$ cat data-v5.cif   # mmCIF, N, CA and C atoms
data_query
#
loop_
_atom_site.label_atom_id
_atom_site.label_comp_id
_atom_site.auth_asym_id
_atom_site.auth_seq_id
_atom_site.Cartn_x
_atom_site.Cartn_y
_atom_site.Cartn_z
N MET A 1 -13.36 -14.57 7.25
CA MET A 1 -12.49 -13.63 6.55
C MET A 1 -11.61 -14.36 5.56
N LEU A 2 -11.05 -15.48 5.96
CA LEU A 2 -10.16 -16.20 5.05
C LEU A 2 -10.90 -16.86 3.89
N ASN A 3 -12.22 -17.05 4.04
CA ASN A 3 -12.96 -17.68 2.94
C ASN A 3 -13.12 -16.73 1.75
N ASP A 4 -12.97 -15.44 1.94
CA ASP A 4 -13.05 -14.50 0.82
C ASP A 4 -11.66 -13.97 0.44
N LEU A 5 -10.63 -14.70 0.81
CA LEU A 5 -9.25 -14.28 0.59
C LEU A 5 -8.94 -14.04 -0.89
N ASP A 6 -9.36 -14.95 -1.75
CA ASP A 6 -9.09 -14.79 -3.18
C ASP A 6 -9.68 -13.50 -3.72
N GLN A 7 -10.92 -13.20 -3.36
CA GLN A 7 -11.58 -11.98 -3.85
C GLN A 7 -10.91 -10.74 -3.28
N ARG A 8 -10.57 -10.76 -2.00
CA ARG A 8 -9.92 -9.59 -1.38
C ARG A 8 -8.54 -9.36 -1.99
N PHE A 9 -7.81 -10.42 -2.27
CA PHE A 9 -6.50 -10.27 -2.91
C PHE A 9 -6.65 -9.68 -4.31
N GLN A 10 -7.61 -10.20 -5.05
CA GLN A 10 -7.86 -9.68 -6.40
C GLN A 10 -8.26 -8.20 -6.34
N ASP A 11 -9.12 -7.84 -5.39
CA ASP A 11 -9.53 -6.45 -5.23
C ASP A 11 -8.33 -5.56 -4.88
N ALA A 12 -7.44 -6.06 -4.02
CA ALA A 12 -6.27 -5.29 -3.62
C ALA A 12 -5.33 -5.05 -4.81
N ILE A 13 -5.17 -6.04 -5.66
CA ILE A 13 -4.33 -5.89 -6.84
C ILE A 13 -4.95 -4.87 -7.79
N HIS A 14 -6.25 -4.96 -7.99
CA HIS A 14 -6.92 -3.97 -8.84
C HIS A 14 -6.76 -2.57 -8.25
N SER A 15 -6.91 -2.45 -6.95
CA SER A 15 -6.76 -1.16 -6.29
C SER A 15 -5.36 -0.60 -6.51
N PHE A 16 -4.34 -1.45 -6.38
CA PHE A 16 -2.96 -1.03 -6.58
C PHE A 16 -2.81 -0.34 -7.94
N TRP A 17 -3.28 -1.00 -9.00
CA TRP A 17 -3.11 -0.46 -10.35
C TRP A 17 -4.01 0.75 -10.58
N ASN A 18 -5.21 0.74 -10.03
CA ASN A 18 -6.10 1.90 -10.19
C ASN A 18 -5.53 3.14 -9.51
N VAL A 19 -4.99 2.97 -8.30
CA VAL A 19 -4.40 4.10 -7.59
C VAL A 19 -3.22 4.65 -8.37
N ARG A 20 -2.36 3.77 -8.87
CA ARG A 20 -1.20 4.23 -9.66
C ARG A 20 -1.66 5.00 -10.90
N GLU A 21 -2.65 4.48 -11.58
CA GLU A 21 -3.15 5.15 -12.78
C GLU A 21 -3.73 6.53 -12.43
N ASN A 22 -4.50 6.59 -11.36
CA ASN A 22 -5.09 7.86 -10.94
C ASN A 22 -4.02 8.86 -10.52
N GLN A 23 -2.98 8.39 -9.85
CA GLN A 23 -1.89 9.27 -9.44
C GLN A 23 -1.15 9.84 -10.64
N MET A 24 -0.93 9.01 -11.64
CA MET A 24 -0.27 9.48 -12.85
C MET A 24 -1.13 10.54 -13.54
N GLN A 25 -2.42 10.30 -13.62
CA GLN A 25 -3.31 11.27 -14.26
C GLN A 25 -3.35 12.59 -13.49
N LEU A 26 -3.35 12.52 -12.17
CA LEU A 26 -3.32 13.74 -11.36
C LEU A 26 -2.06 14.55 -11.63
N GLN A 27 -0.93 13.85 -11.78
CA GLN A 27 0.31 14.56 -12.07
C GLN A 27 0.27 15.19 -13.47
N ILE A 28 -0.25 14.46 -14.42
CA ILE A 28 -0.36 14.99 -15.79
C ILE A 28 -1.26 16.22 -15.78
N ASP A 29 -2.40 16.11 -15.10
CA ASP A 29 -3.35 17.22 -15.05
C ASP A 29 -2.76 18.46 -14.36
N SER A 30 -1.89 18.22 -13.37
CA SER A 30 -1.31 19.35 -12.63
C SER A 30 -0.12 19.97 -13.38
N GLY A 31 0.39 19.25 -14.39
CA GLY A 31 1.54 19.74 -15.13
C GLY A 31 2.86 19.53 -14.41
N ARG A 32 2.87 18.70 -13.37
CA ARG A 32 4.09 18.46 -12.60
C ARG A 32 4.42 16.97 -12.57
N SER A 33 4.62 16.38 -13.69
CA SER A 33 4.89 14.94 -13.78
C SER A 33 6.32 14.62 -13.37
N ASP A 34 6.48 13.54 -12.61
CA ASP A 34 7.81 13.03 -12.28
C ASP A 34 8.39 12.34 -13.51
N ALA A 35 9.69 12.14 -13.49
CA ALA A 35 10.38 11.49 -14.60
C ALA A 35 10.04 10.01 -14.68
N GLY A 36 9.99 9.49 -15.88
CA GLY A 36 9.81 8.05 -16.11
C GLY A 36 8.55 7.50 -15.48
N THR A 37 8.69 6.38 -14.79
CA THR A 37 7.54 5.73 -14.15
C THR A 37 7.44 6.08 -12.67
N ARG A 38 8.15 7.11 -12.25
CA ARG A 38 8.14 7.51 -10.84
C ARG A 38 6.81 8.12 -10.41
N GLY A 39 6.12 8.78 -11.30
CA GLY A 39 4.89 9.49 -10.98
C GLY A 39 3.84 8.67 -10.26
N PRO A 40 3.49 7.50 -10.76
CA PRO A 40 2.45 6.72 -10.09
C PRO A 40 2.85 6.23 -8.70
N ALA A 41 4.13 6.15 -8.43
CA ALA A 41 4.57 5.61 -7.14
C ALA A 41 4.72 6.68 -6.07
N THR A 42 4.94 7.92 -6.46
CA THR A 42 5.24 8.95 -5.46
C THR A 42 4.01 9.46 -4.74
N GLY A 43 2.83 9.18 -5.25
CA GLY A 43 1.61 9.65 -4.59
C GLY A 43 1.24 8.87 -3.35
N GLY A 44 1.77 7.66 -3.22
CA GLY A 44 1.47 6.83 -2.05
C GLY A 44 0.11 6.17 -2.14
N ASN A 45 -0.17 5.35 -1.17
CA ASN A 45 -1.46 4.66 -0.97
C ASN A 45 -1.75 3.51 -1.92
N GLN A 46 -0.86 3.22 -2.86
CA GLN A 46 -1.15 2.13 -3.78
C GLN A 46 -1.11 0.76 -3.11
N MET A 47 -0.42 0.65 -1.99
CA MET A 47 -0.32 -0.64 -1.29
C MET A 47 -1.30 -0.74 -0.11
N THR A 48 -2.16 0.23 0.08
CA THR A 48 -3.04 0.28 1.25
C THR A 48 -3.90 -0.97 1.39
N GLN A 49 -4.59 -1.38 0.32
CA GLN A 49 -5.46 -2.55 0.44
C GLN A 49 -4.67 -3.82 0.70
N LEU A 50 -3.49 -3.96 0.12
CA LEU A 50 -2.67 -5.14 0.38
C LEU A 50 -2.19 -5.16 1.83
N VAL A 51 -1.81 -4.01 2.36
CA VAL A 51 -1.39 -3.93 3.76
C VAL A 51 -2.55 -4.28 4.68
N ASP A 52 -3.73 -3.75 4.40
CA ASP A 52 -4.90 -4.07 5.21
C ASP A 52 -5.23 -5.56 5.16
N LEU A 53 -5.12 -6.15 3.98
CA LEU A 53 -5.39 -7.58 3.83
C LEU A 53 -4.39 -8.40 4.63
N LEU A 54 -3.12 -8.06 4.53
CA LEU A 54 -2.10 -8.79 5.27
C LEU A 54 -2.34 -8.67 6.77
N LYS A 55 -2.67 -7.49 7.24
CA LYS A 55 -2.96 -7.31 8.67
C LYS A 55 -4.13 -8.20 9.09
N ASP A 56 -5.20 -8.22 8.31
CA ASP A 56 -6.36 -9.05 8.64
C ASP A 56 -5.99 -10.53 8.68
N ILE A 57 -5.16 -10.97 7.74
CA ILE A 57 -4.73 -12.38 7.72
C ILE A 57 -3.93 -12.70 8.99
N LEU A 58 -2.99 -11.83 9.34
CA LEU A 58 -2.17 -12.07 10.53
C LEU A 58 -3.03 -12.14 11.79
N VAL A 59 -4.00 -11.25 11.91
CA VAL A 59 -4.88 -11.25 13.08
C VAL A 59 -5.75 -12.50 13.08
N GLN A 60 -6.28 -12.86 11.92
CA GLN A 60 -7.12 -14.05 11.81
C GLN A 60 -6.35 -15.32 12.19
N CYS A 61 -5.04 -15.32 11.91
CA CYS A 61 -4.20 -16.48 12.21
C CYS A 61 -3.72 -16.48 13.67
N GLY A 62 -4.12 -15.48 14.44
CA GLY A 62 -3.84 -15.52 15.86
C GLY A 62 -2.91 -14.44 16.39
N LEU A 63 -2.33 -13.64 15.55
CA LEU A 63 -1.46 -12.57 16.03
C LEU A 63 -2.32 -11.48 16.65
N ASP A 64 -1.95 -11.04 17.82
CA ASP A 64 -2.71 -9.99 18.49
C ASP A 64 -2.65 -8.71 17.66
N GLU A 65 -3.81 -8.11 17.42
CA GLU A 65 -3.88 -6.92 16.57
C GLU A 65 -3.01 -5.78 17.11
N SER A 66 -2.82 -5.74 18.41
CA SER A 66 -2.00 -4.67 18.99
C SER A 66 -0.52 -4.83 18.64
N HIS A 67 -0.15 -5.99 18.07
CA HIS A 67 1.23 -6.22 17.66
C HIS A 67 1.47 -5.95 16.17
N VAL A 68 0.44 -5.54 15.49
CA VAL A 68 0.55 -5.24 14.06
C VAL A 68 0.47 -3.72 13.90
N PHE A 69 1.56 -3.14 13.45
CA PHE A 69 1.64 -1.69 13.32
C PHE A 69 1.63 -1.30 11.84
N ASN A 70 0.72 -0.43 11.48
CA ASN A 70 0.72 0.18 10.17
C ASN A 70 0.10 1.56 10.30
N ARG A 71 0.46 2.42 9.37
CA ARG A 71 0.01 3.82 9.40
C ARG A 71 0.43 4.52 10.69
N THR A 72 1.61 4.16 11.17
CA THR A 72 2.17 4.81 12.36
C THR A 72 3.65 5.06 12.08
N SER A 73 4.29 5.73 12.99
CA SER A 73 5.73 5.96 12.84
C SER A 73 6.54 4.71 13.16
N LEU A 74 5.86 3.62 13.50
CA LEU A 74 6.54 2.38 13.84
C LEU A 74 6.58 1.37 12.71
N GLU A 75 6.25 1.80 11.50
CA GLU A 75 6.22 0.87 10.37
C GLU A 75 7.60 0.34 10.04
N LEU A 76 7.63 -0.88 9.55
CA LEU A 76 8.87 -1.47 9.07
C LEU A 76 9.18 -0.93 7.68
N PRO A 77 10.45 -0.96 7.28
CA PRO A 77 10.76 -0.58 5.90
C PRO A 77 9.96 -1.45 4.94
N GLY A 78 9.58 -0.88 3.83
CA GLY A 78 8.72 -1.62 2.94
C GLY A 78 9.13 -1.57 1.50
N TYR A 79 8.18 -1.83 0.66
CA TYR A 79 8.37 -1.93 -0.78
C TYR A 79 8.92 -0.63 -1.36
N PHE A 80 8.50 0.50 -0.83
CA PHE A 80 8.80 1.78 -1.44
C PHE A 80 10.25 2.21 -1.28
N ARG A 81 10.85 1.93 -0.15
CA ARG A 81 12.22 2.38 0.10
C ARG A 81 12.78 1.62 1.30
N PRO A 82 14.09 1.47 1.39
CA PRO A 82 14.68 0.71 2.50
C PRO A 82 14.55 1.41 3.83
N LYS A 83 14.38 2.73 3.84
CA LYS A 83 14.24 3.47 5.09
C LYS A 83 12.87 4.13 5.14
N LYS A 84 11.95 3.51 5.82
CA LYS A 84 10.60 4.01 5.90
C LYS A 84 10.46 5.04 7.00
N ASN A 85 9.96 6.20 6.71
CA ASN A 85 9.71 7.26 7.69
C ASN A 85 10.93 7.65 8.49
N GLY A 86 12.11 7.54 7.90
CA GLY A 86 13.32 7.99 8.57
C GLY A 86 13.82 7.04 9.64
N ILE A 87 13.17 5.91 9.82
CA ILE A 87 13.59 4.94 10.84
C ILE A 87 14.75 4.13 10.27
N TYR A 88 15.72 3.78 11.08
CA TYR A 88 16.89 2.97 10.75
C TYR A 88 17.93 3.85 10.16
#
$ encode --input "data-v5.cif" --output "structure tokens"
Amino acid sequence: MLNDLDQRFQDAIHSFWNVRENQMQLQIDSGRSDAGTRGPATGGNQMTQLVDLLKDILVQCGLDESHVFNRTSLELPGYFRPKKNGIY
């Protein structure tokens, strides 16, 4: 898994920008665009591949997968906002 780290990281970065672009286009098409550059960020999922990559790296380095929480109500605050899912 770690031998393809460079390619997976590059793919995750491309995914981030592609998801943001698609989210902006969806908002434009729907006629309900957010102000400024908020539109691409409010749709969510732009960090999914990076989160999955980080989880895989942590598990590969020896962290028990049951100790890595994502896509649950137990997520830590993240890039998007200081209070994730109302926790804290």
$ atom_distance --input "data-v5.cif" --atom1 "atom C of Val59 (chain A)" --atom2 "CA of Phe16 (chain A)"
22.9 Å
$ resolve_selection --input "data-v5.cif" --expression "the PyMOL selection byres (((chain A and resi 12 and name CA) around 10) and name CA)" --output "JSON, numbers by chain"
{"A": [6, 7, 8, 9, 10, 11, 13, 14, 15, 16, 17, 18, 46, 47, 48, 49, 50, 51, 52, 53]}
$ atom_distance --input "data-v5.cif" --atom1 "atom N of Gln27 (chain A)" --atom2 "CA of Leu54 (chain A)"
28.4 Å
$ atom_distance --input "data-v5.cif" --atom1 "CA of Cys61 (chain A)" --atom2 "CA of Asn45 (chain A)"
25.1 Å
